[in-house]
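K.L.:
Take a look at protein.cif, mmCIF, C-alpha atoms and all ligand atoms:
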```cif
data_protein
#
loop_
_atom_site.group_PDB
_atom_site.id
_atom_site.type_symbol
_atom_site.label_atom_id
_atom_site.label_comp_id
_atom_site.auth_asym_id
_atom_site.auth_seq_id
_atom_site.Cartn_x
_atom_site.Cartn_y
_atom_site.Cartn_z
ATOM 1 C CA MET B 84 -79.563 -58.306 -224.406
ATOM 2 C CA THR B 85 -78.777 -54.679 -223.680
ATOM 3 C CA ILE B 86 -81.397 -52.789 -221.728
ATOM 4 C CA ARG B 87 -81.748 -49.283 -223.039
ATOM 5 C CA TYR B 88 -82.786 -46.398 -220.839
ATOM 6 C CA GLY B 89 -84.522 -44.082 -223.266
ATOM 7 C CA LEU B 90 -86.800 -41.085 -223.393
ATOM 8 C CA ALA B 91 -89.890 -43.006 -222.290
ATOM 9 C CA ALA B 92 -88.223 -44.167 -219.087
ATOM 10 C CA PHE B 93 -86.809 -40.691 -218.568
ATOM 11 C CA GLU B 94 -90.251 -39.139 -218.945
ATOM 12 C CA ASN B 95 -91.701 -41.552 -216.374
ATOM 13 C CA ASP B 96 -88.979 -40.746 -213.873
ATOM 14 C CA LEU B 97 -89.005 -36.996 -214.517
ATOM 15 C CA ARG B 98 -92.790 -36.749 -214.212
ATOM 16 C CA ALA B 99 -92.644 -38.495 -210.850
ATOM 17 C CA ILE B 100 -90.161 -35.843 -209.702
ATOM 18 C CA LEU B 101 -92.184 -32.960 -211.136
ATOM 19 C CA GLY B 102 -95.241 -34.338 -209.365
ATOM 20 C CA ARG B 103 -93.652 -33.962 -205.940
ATOM 21 C CA ALA B 104 -91.142 -31.143 -206.370
ATOM 22 C CA SER B 105 -91.476 -27.560 -207.516
ATOM 23 C CA ASP B 106 -88.181 -26.182 -206.231
ATOM 24 C CA PHE B 107 -85.777 -25.933 -209.168
ATOM 25 C CA ARG B 108 -82.743 -27.095 -207.177
ATOM 26 C CA GLN B 109 -84.615 -30.141 -205.931
ATOM 27 C CA ILE B 110 -85.808 -31.019 -209.449
ATOM 28 C CA ILE B 111 -82.253 -30.727 -210.760
ATOM 29 C CA GLU B 112 -80.775 -32.876 -207.994
ATOM 30 C CA GLU B 113 -83.417 -35.575 -208.307
ATOM 31 C CA ALA B 114 -83.487 -35.618 -212.112
ATOM 32 C CA ARG B 115 -79.720 -35.665 -212.544
ATOM 33 C CA PRO B 116 -79.174 -39.461 -212.084
ATOM 34 C CA PHE B 117 -81.936 -40.226 -214.577
ATOM 35 C CA PHE B 118 -80.562 -37.654 -217.001
ATOM 36 C CA ARG B 119 -77.181 -39.342 -216.680
ATOM 37 C CA GLN B 120 -78.704 -42.627 -217.816
ATOM 38 C CA LEU B 121 -80.343 -40.864 -220.753
ATOM 39 C CA LEU B 122 -77.012 -39.286 -221.675
ATOM 40 C CA ASP B 123 -75.425 -42.746 -221.793
ATOM 41 C CA ASP B 124 -77.700 -43.742 -224.683
ATOM 42 C CA ASP B 125 -75.503 -43.981 -227.798
ATOM 43 C CA GLU B 126 -78.533 -43.697 -230.076
ATOM 44 C CA LEU B 127 -80.122 -40.696 -228.384
ATOM 45 C CA VAL B 128 -79.156 -38.218 -231.114
ATOM 46 C CA PRO B 129 -79.867 -39.827 -234.485
ATOM 47 C CA GLU B 130 -77.095 -39.913 -237.058
ATOM 48 C CA ALA B 131 -78.819 -37.308 -239.267
ATOM 49 C CA TYR B 132 -78.619 -34.686 -236.519
ATOM 50 C CA ARG B 133 -74.965 -34.987 -235.547
ATOM 51 C CA GLN B 134 -73.381 -32.647 -238.098
ATOM 52 C CA PRO B 135 -72.703 -28.991 -237.307
ATOM 53 C CA LEU B 136 -74.157 -26.202 -239.412
ATOM 54 C CA PRO B 137 -71.606 -23.947 -241.147
ATOM 55 C CA ASP B 138 -72.645 -20.644 -239.583
ATOM 56 C CA LYS B 139 -73.883 -21.280 -236.039
ATOM 57 C CA TYR B 140 -74.673 -23.974 -233.518
ATOM 58 C CA ALA B 141 -77.663 -26.188 -234.351
ATOM 59 C CA GLN B 142 -80.612 -26.621 -231.986
ATOM 60 C CA TYR B 143 -82.734 -29.743 -232.496
ATOM 61 C CA LEU B 144 -85.791 -30.618 -230.443
ATOM 62 C CA LEU B 145 -85.444 -34.294 -229.572
ATOM 63 C CA TYR B 146 -88.618 -34.647 -227.555
ATOM 64 C CA LYS B 147 -91.287 -32.749 -225.690
ATOM 65 C CA PRO B 148 -94.576 -34.031 -224.337
ATOM 66 C CA GLU B 149 -97.790 -32.438 -225.527
ATOM 67 C CA ASP B 150 -98.219 -30.505 -222.290
ATOM 68 C CA ASN B 151 -94.755 -28.892 -222.659
ATOM 69 C CA ALA B 152 -93.890 -29.974 -219.101
ATOM 70 C CA PHE B 153 -90.278 -30.299 -220.250
ATOM 71 C CA SER B 154 -88.193 -30.498 -223.410
ATOM 72 C CA VAL B 155 -85.118 -32.465 -224.420
ATOM 73 C CA VAL B 156 -82.941 -30.641 -226.922
ATOM 74 C CA ALA B 157 -79.706 -31.509 -228.737
ATOM 75 C CA PHE B 158 -77.199 -28.803 -229.640
ATOM 76 C CA VAL B 159 -74.476 -29.421 -232.195
ATOM 77 C CA TRP B 160 -71.411 -27.201 -231.895
ATOM 78 C CA GLY B 161 -68.865 -26.993 -234.663
ATOM 79 C CA PRO B 162 -65.297 -26.067 -233.675
ATOM 80 C CA GLY B 163 -65.240 -22.412 -232.583
ATOM 81 C CA GLN B 164 -69.026 -22.018 -232.518
ATOM 82 C CA THR B 165 -70.482 -20.111 -229.619
ATOM 83 C CA ALA B 166 -73.782 -19.080 -228.033
ATOM 84 C CA PRO B 167 -74.146 -15.537 -226.718
ATOM 85 C CA VAL B 168 -74.529 -15.001 -222.991
ATOM 86 C CA HIS B 169 -78.133 -15.845 -222.125
ATOM 87 C CA ASP B 170 -80.540 -16.959 -219.429
ATOM 88 C CA HIS B 171 -83.271 -19.632 -219.417
ATOM 89 C CA LEU B 172 -85.879 -18.596 -216.808
ATOM 90 C CA THR B 173 -86.502 -22.233 -216.000
ATOM 91 C CA TRP B 174 -84.429 -25.118 -214.625
ATOM 92 C CA GLY B 175 -82.171 -26.982 -216.983
ATOM 93 C CA LEU B 176 -79.680 -29.851 -217.067
ATOM 94 C CA VAL B 177 -76.873 -29.639 -219.624
ATOM 95 C CA GLY B 178 -75.032 -32.814 -220.549
ATOM 96 C CA VAL B 179 -72.125 -33.351 -222.906
ATOM 97 C CA TRP B 180 -73.013 -36.241 -225.212
ATOM 98 C CA ARG B 181 -70.010 -36.011 -227.557
ATOM 99 C CA GLY B 182 -66.862 -33.859 -227.589
ATOM 100 C CA GLY B 183 -66.342 -30.982 -225.197
ATOM 101 C CA ILE B 184 -67.569 -27.466 -224.477
ATOM 102 C CA GLU B 185 -66.649 -24.449 -222.399
ATOM 103 C CA GLU B 186 -69.234 -22.797 -220.174
ATOM 104 C CA LYS B 187 -68.776 -19.325 -218.705
ATOM 105 C CA ARG B 188 -71.129 -18.463 -215.845
ATOM 106 C CA TYR B 189 -72.159 -14.931 -214.967
ATOM 107 C CA HIS B 190 -73.866 -12.984 -212.215
ATOM 108 C CA ARG B 191 -75.903 -9.914 -213.078
ATOM 109 C CA THR B 192 -76.233 -7.385 -210.303
ATOM 110 C CA ARG B 193 -77.906 -4.028 -209.969
ATOM 111 C CA ILE B 194 -75.640 -1.011 -209.738
ATOM 112 C CA GLU B 195 -76.891 1.664 -207.384
ATOM 113 C CA ASP B 196 -76.178 4.841 -209.267
ATOM 114 C CA GLY B 197 -79.278 6.625 -208.039
ATOM 115 C CA ARG B 198 -80.491 7.859 -211.394
ATOM 116 C CA GLN B 199 -81.394 4.988 -213.699
ATOM 117 C CA GLU B 200 -81.620 1.237 -213.663
ATOM 118 C CA ALA B 201 -78.152 -0.092 -214.369
ATOM 119 C CA TYR B 202 -76.598 -3.534 -214.099
ATOM 120 C CA LYS B 203 -73.221 -5.135 -214.334
ATOM 121 C CA LEU B 204 -72.387 -8.589 -215.604
ATOM 122 C CA GLN B 205 -69.638 -10.389 -213.758
ATOM 123 C CA GLU B 206 -67.972 -13.543 -214.995
ATOM 124 C CA VAL B 207 -67.827 -15.876 -212.021
ATOM 125 C CA GLN B 208 -66.649 -19.223 -213.361
ATOM 126 C CA THR B 209 -65.334 -20.928 -216.478
ATOM 127 C CA VAL B 210 -65.770 -24.683 -216.761
ATOM 128 C CA ARG B 211 -64.588 -27.028 -219.469
ATOM 129 C CA ALA B 212 -66.784 -30.096 -219.778
ATOM 130 C CA SER B 213 -66.316 -33.310 -221.725
ATOM 131 C CA GLN B 214 -68.395 -36.325 -222.609
ATOM 132 C CA GLY B 215 -70.564 -37.434 -219.699
ATOM 133 C CA ASP B 216 -70.232 -34.207 -217.713
ATOM 134 C CA ILE B 217 -73.448 -32.579 -216.534
ATOM 135 C CA SER B 218 -74.009 -28.951 -215.636
ATOM 136 C CA TYR B 219 -77.222 -27.176 -214.681
ATOM 137 C CA VAL B 220 -78.966 -23.815 -214.698
ATOM 138 C CA TYR B 221 -81.816 -22.308 -212.707
ATOM 139 C CA PRO B 222 -83.098 -18.814 -212.013
ATOM 140 C CA PRO B 223 -82.205 -16.540 -210.447
ATOM 141 C CA ASP B 224 -78.923 -17.686 -208.907
ATOM 142 C CA ARG B 225 -77.354 -19.678 -211.689
ATOM 143 C CA ASP B 226 -79.174 -18.874 -214.859
ATOM 144 C CA ILE B 227 -76.834 -16.780 -216.987
ATOM 145 C CA HIS B 228 -74.085 -18.374 -219.016
ATOM 146 C CA GLY B 229 -72.330 -18.491 -222.354
ATOM 147 C CA VAL B 230 -71.431 -21.749 -224.070
ATOM 148 C CA SER B 231 -68.834 -22.387 -226.752
ATOM 149 C CA ASN B 232 -66.866 -25.145 -228.388
ATOM 150 C CA PRO B 233 -63.208 -24.046 -228.288
ATOM 151 C CA PHE B 234 -61.995 -27.479 -229.415
ATOM 152 C CA ASP B 235 -61.138 -28.959 -232.825
ATOM 153 C CA ASP B 236 -63.899 -31.579 -232.880
ATOM 154 C CA THR B 237 -67.661 -31.256 -233.107
ATOM 155 C CA ALA B 238 -69.434 -31.242 -229.763
ATOM 156 C CA ILE B 239 -72.983 -32.412 -229.118
ATOM 157 C CA THR B 240 -74.772 -31.461 -225.915
ATOM 158 C CA VAL B 241 -78.171 -32.673 -224.738
ATOM 159 C CA HIS B 242 -80.233 -30.419 -222.492
ATOM 160 C CA VAL B 243 -83.458 -30.899 -220.591
ATOM 161 C CA TYR B 244 -85.463 -27.847 -219.521
ATOM 162 C CA GLY B 245 -88.571 -27.308 -217.446
ATOM 163 C CA THR B 246 -90.564 -26.053 -220.421
ATOM 164 C CA ASP B 247 -90.317 -26.005 -224.216
ATOM 165 C CA ILE B 248 -87.205 -23.854 -224.391
ATOM 166 C CA GLY B 249 -87.909 -23.223 -228.100
ATOM 167 C CA GLN B 250 -90.931 -21.130 -227.124
ATOM 168 C CA GLN B 251 -89.516 -19.604 -223.964
ATOM 169 C CA GLN B 252 -89.202 -15.822 -223.868
ATOM 170 C CA ARG B 253 -85.820 -15.129 -222.290
ATOM 171 C CA PHE B 254 -82.832 -12.809 -222.598
ATOM 172 C CA ILE B 255 -79.451 -12.383 -224.233
ATOM 173 C CA TYR B 256 -76.971 -10.147 -222.421
ATOM 174 C CA ASP B 257 -74.340 -7.721 -223.604
ATOM 175 C CA THR B 258 -71.235 -8.629 -221.620
ATOM 176 C CA ASP B 259 -69.986 -5.014 -221.521
ATOM 177 C CA SER B 260 -73.161 -3.096 -220.712
ATOM 178 C CA ALA B 261 -75.119 -6.015 -219.122
ATOM 179 C CA ASP B 262 -78.082 -4.852 -221.199
ATOM 180 C CA ALA B 263 -80.740 -7.532 -221.665
ATOM 181 C CA ARG B 264 -82.369 -8.171 -225.029
ATOM 182 C CA PRO B 265 -85.504 -10.379 -225.178
ATOM 183 C CA VAL B 266 -85.175 -13.442 -227.378
ATOM 184 C CA VAL B 267 -86.899 -16.698 -228.302
ATOM 185 C CA THR B 268 -84.454 -19.276 -229.661
ATOM 186 C CA ARG B 269 -86.529 -21.597 -231.818
ATOM 187 C CA HIS B 270 -85.612 -25.157 -232.648
ATOM 188 C CA ALA B 271 -84.330 -25.880 -236.151
ATOM 189 C CA ASN B 272 -86.954 -28.624 -236.500
ATOM 190 C CA ALA B 273 -90.663 -27.801 -236.173
ATOM 191 C CA GLN B 274 -91.594 -31.327 -235.108
ATOM 192 C CA PRO B 275 -89.661 -33.175 -232.395
ATOM 193 C CA ILE B 276 -87.366 -35.948 -233.617
ATOM 194 C CA TYR B 277 -89.184 -38.337 -231.290
ATOM 195 C CA ALA B 278 -92.943 -37.892 -231.484
ATOM 196 C CA ALA B 279 -94.982 -37.374 -228.330
ATOM 197 C CA GLY B 280 -97.376 -40.184 -227.565
ATOM 198 C CA ALA B 281 -95.228 -42.780 -229.300
ATOM 199 C CA LEU B 282 -92.815 -43.532 -226.487
ATOM 200 C CA PRO B 283 -92.671 -47.125 -225.288
ATOM 201 C CA ASP B 284 -92.630 -48.438 -221.745
ATOM 202 C CA ARG B 285 -89.548 -48.553 -219.601
ATOM 203 C CA ASP B 286 -86.652 -50.946 -220.192
ATOM 204 C CA VAL B 287 -86.723 -51.252 -223.911
ATOM 205 C CA PRO B 288 -84.333 -53.653 -225.645
ATOM 206 C CA ALA B 289 -81.647 -51.905 -227.681
ATOM 207 C CA GLY B 290 -82.550 -51.433 -231.314
ATOM 208 C CA ARG B 291 -86.222 -52.080 -230.694
ATOM 209 C CA SER B 292 -87.105 -48.875 -228.953
ATOM 210 C CA GLY B 293 -90.487 -48.448 -230.603
ATOM 211 C CA LEU B 294 -89.797 -44.734 -230.777
ATOM 212 C CA ARG B 295 -91.234 -43.236 -233.888
ATOM 213 C CA LYS B 296 -88.614 -41.072 -235.547
ATOM 214 C CA GLU B 297 -89.696 -38.142 -237.653
ATOM 215 C CA GLY B 298 -87.612 -36.158 -240.104
HETATM 216 FE FE FE V 1 -77.944 -22.129 -221.909
#
```
Can you dump the structure from the file as structure tokens?
P.N.:
Amino acid sequence: MTIRYGLAAFENDLRAILGRASDFRQIIEEARPFFRQLLDDDELVPEAYRQPLPDKYAQYLLYKPEDNAFSVVAFVWGPGQTAPVHDHLTWGLVGVWRGGIEEKRYHRTRIEDGRQEAYKLQEVQTVRASQGDISYVYPPDRDIHGVSNPFDDTAITVHVYGTDIGQQQRFIYDTDSADARPVVTRHANAQPIYAAGALPDRDVPAGRSGLRKEG
């Protein structure tokens, strides 16, 4: 019998970490091995949510607890689809579940011109990631990035954030001017795919997860 590490086990492990750690780097480091197990789940993103939308990347809320202590979100990237350069203002782990993506990381720094508030955006790193790779974000040091799928196949990424990212007020950046524009990027689905309060205990046999799927 296959033992499946699913969202219920992940929530148990993540809540234990959140109970003892508040530093974003520490949360990321401690949560990463559990997130890796979650990412290994071949059923994590249900079949119905694996197709790209024609016009832009799709953002599906997989799960969030009722207290919004964290959220688990799937993004589906068609070939060539891209997300503008943005921040998160909370910690986040970004895992590639299927396919591959390209992540460009930026630093935003104040320019001292004496007259008005001005910033510059500097590209500091480009990373190509494939299935099983995990990246992370946290403010203020490593929070600004752009993500795209430059490949020929659909990519699916699964992210966990330290709040409901679909309600989080954050910013999109103009790469030339470094101007910041406030934004809330809402999930495509109003209700999470896996309902809060319906998660089973740890170590659930494959195919009998007990998770209640909605939509
Ligand atoms: Fe992001």
K.L.:
Measuring atom to atom with all atoms listed in the file, identify which of B:Val266, B:Leu97, B:Ala152, B:Val159 is nearest to Ile184 (chain B).
P.N.:
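Once distances to Ile184 (chain B) are computed over all atoms listed in the file, the minimum belongs to B:Val159.
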K.L.:
Taking the file above as input, evaluate the PyMOL selection byres (((not hetatm)) within 7 of (chain V and resi 1)) and report the hits as a VMD selection string.
P.N.:
chain B and resid 169 to 171 228 to 230
K.L.:
Output the residue selection produced by the PyMOL selection byres (((chain B and resi 191) around 6) and not hetatm) on the file above, formatted as JSON, numbers by chain.
P.N.:
{"B": [190, 192, 203, 204]}
K.L.:
Kindly export the residues of the current selection with C-alpha atoms, as a PDB file, in the frame of the given file.
P.N.:
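Result went into part35.pdb, see below:
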```
ATOM      1  CA  HIS B 190     -73.866 -12.984-212.215  1.00  0.00           C
ATOM      2  CA  THR B 192     -76.233  -7.385-210.303  1.00  0.00           C
ATOM      3  CA  LYS B 203     -73.221  -5.135-214.334  1.00  0.00           C
ATOM      4  CA  LEU B 204     -72.387  -8.589-215.604  1.00  0.00           C
TER       5      LEU B 204
END
```
K.L.:
Enter the distance from CA of Val243 (chain B) to CA of Thr258 (chain B), in Å, rounded to one decimal.
P.N.:
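Between these atoms lies a distance of 25.4 Å.
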K.L.:
Kindly extract all protein, DNA and RNA residues lying within 12 Å of the coordinates (-90.7, -37.7, -219.0) given in the file, considering only C-alpha atoms, and supply them as JSON, numbers by chain.
P.N.:
{"B": [88, 89, 90, 91, 92, 93, 94, 95, 96, 97, 98, 99, 100, 101, 102, 114, 117, 118, 121, 146, 147, 148, 149, 150, 151, 152, 153, 154, 155, 243, 244, 245, 246, 279, 280, 282, 283, 284, 285]}
K.L.:
Applied to the shown file, which residues does the PyMOL selection byres (((chain B and resi 209) around 9) and not hetatm) return, written as an NGL selection string?
P.N.:
:B and (185-188 or 206-208 or 210-211)
K.L.:
Print the selection's residues with C-alpha atoms to a file, as a JSON list (two decimals), keeping the file's coordinate frame.
P.N.:
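And here is the file that came out, out_3.json:
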```json
[["chain", "number", "residue", "atom", "x", "y", "z"],
["B", 185, "GLU", "CA", -66.65, -24.45, -222.40],
["B", 186, "GLU", "CA", -69.23, -22.80, -220.17],
["B", 187, "LYS", "CA", -68.78, -19.32, -218.70],
["B", 188, "ARG", "CA", -71.13, -18.46, -215.84],
["B", 206, "GLU", "CA", -67.97, -13.54, -215.00],
["B", 207, "VAL", "CA", -67.83, -15.88, -212.02],
["B", 208, "GLN", "CA", -66.65, -19.22, -213.36],
["B", 210, "VAL", "CA", -65.77, -24.68, -216.76],
["B", 211, "ARG", "CA", -64.59, -27.03, -219.47]]
```
K.L.:
For a test of reading the model, state the distance in Å between CA of Trp160 (chain B) and CA of Pro137 (chain B), rounded to one decimal.
P.N.:
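Between these atoms lies a distance of 9.8 Å.
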K.L.:
Kindly give the distance, in Å, that separates CA of Ala238 (chain B) and CA of Gly161 (chain B), rounded to a single decimal.
P.N.:
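So the answer is 6.5 Å.
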K.L.:
For each of B:Ala157, B:Ala273, B:Gly175, B:Arg87, take the minimum atom-to-atom distance to Ala141 (chain B), counting only C-alpha atoms, then give the residue where this is smallest.
P.N.:
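Ranking B:Ala157, B:Ala273, B:Gly175, B:Arg87 by distance to Ala141 (chain B), first place goes to B:Ala157.
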K.L.:
Hey, which of B:Gln274, B:Arg108, B:Leu122, B:Pro162 ends up closest to Gln134 (chain B)? Count only C-alpha atoms.
P.N.:
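Closest residue, counting only C-alpha atoms: B:Pro162.
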K.L.:
Nearest residue to Thr240 (chain B) out of B:Arg264, B:Arg193, B:His270, B:Arg181, using only C-alpha atoms?
P.N.:
B:Arg181
K.L.:
Just checking: using all atoms listed in the file, which residue out of B:Leu145, B:Ile217, B:Val156, B:Ile227 ends up closest to Val241 (chain B)?
P.N.:
B:Val156
K.L.:
Within 10 Å of Ser218 (chain B), counting only C-alpha atoms, which residues show up once you throw out same-chain ones fewer than 6 positions away? Write them as a list in words, please.
P.N.:
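In the requested form, the answer reads Ile111, Arg115, Gly175, Leu176, Val177, Gly178, Val179, Glu186, Val210, Ala212 and His242 of chain B.
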K.L.:
Tell me which of B:Pro135, B:Leu172, B:Gly183, B:Ala201 sits closest to Gln252 (chain B), counting all atoms listed in the file.
P.N.:
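Nearest to Gln252 (chain B): B:Leu172.
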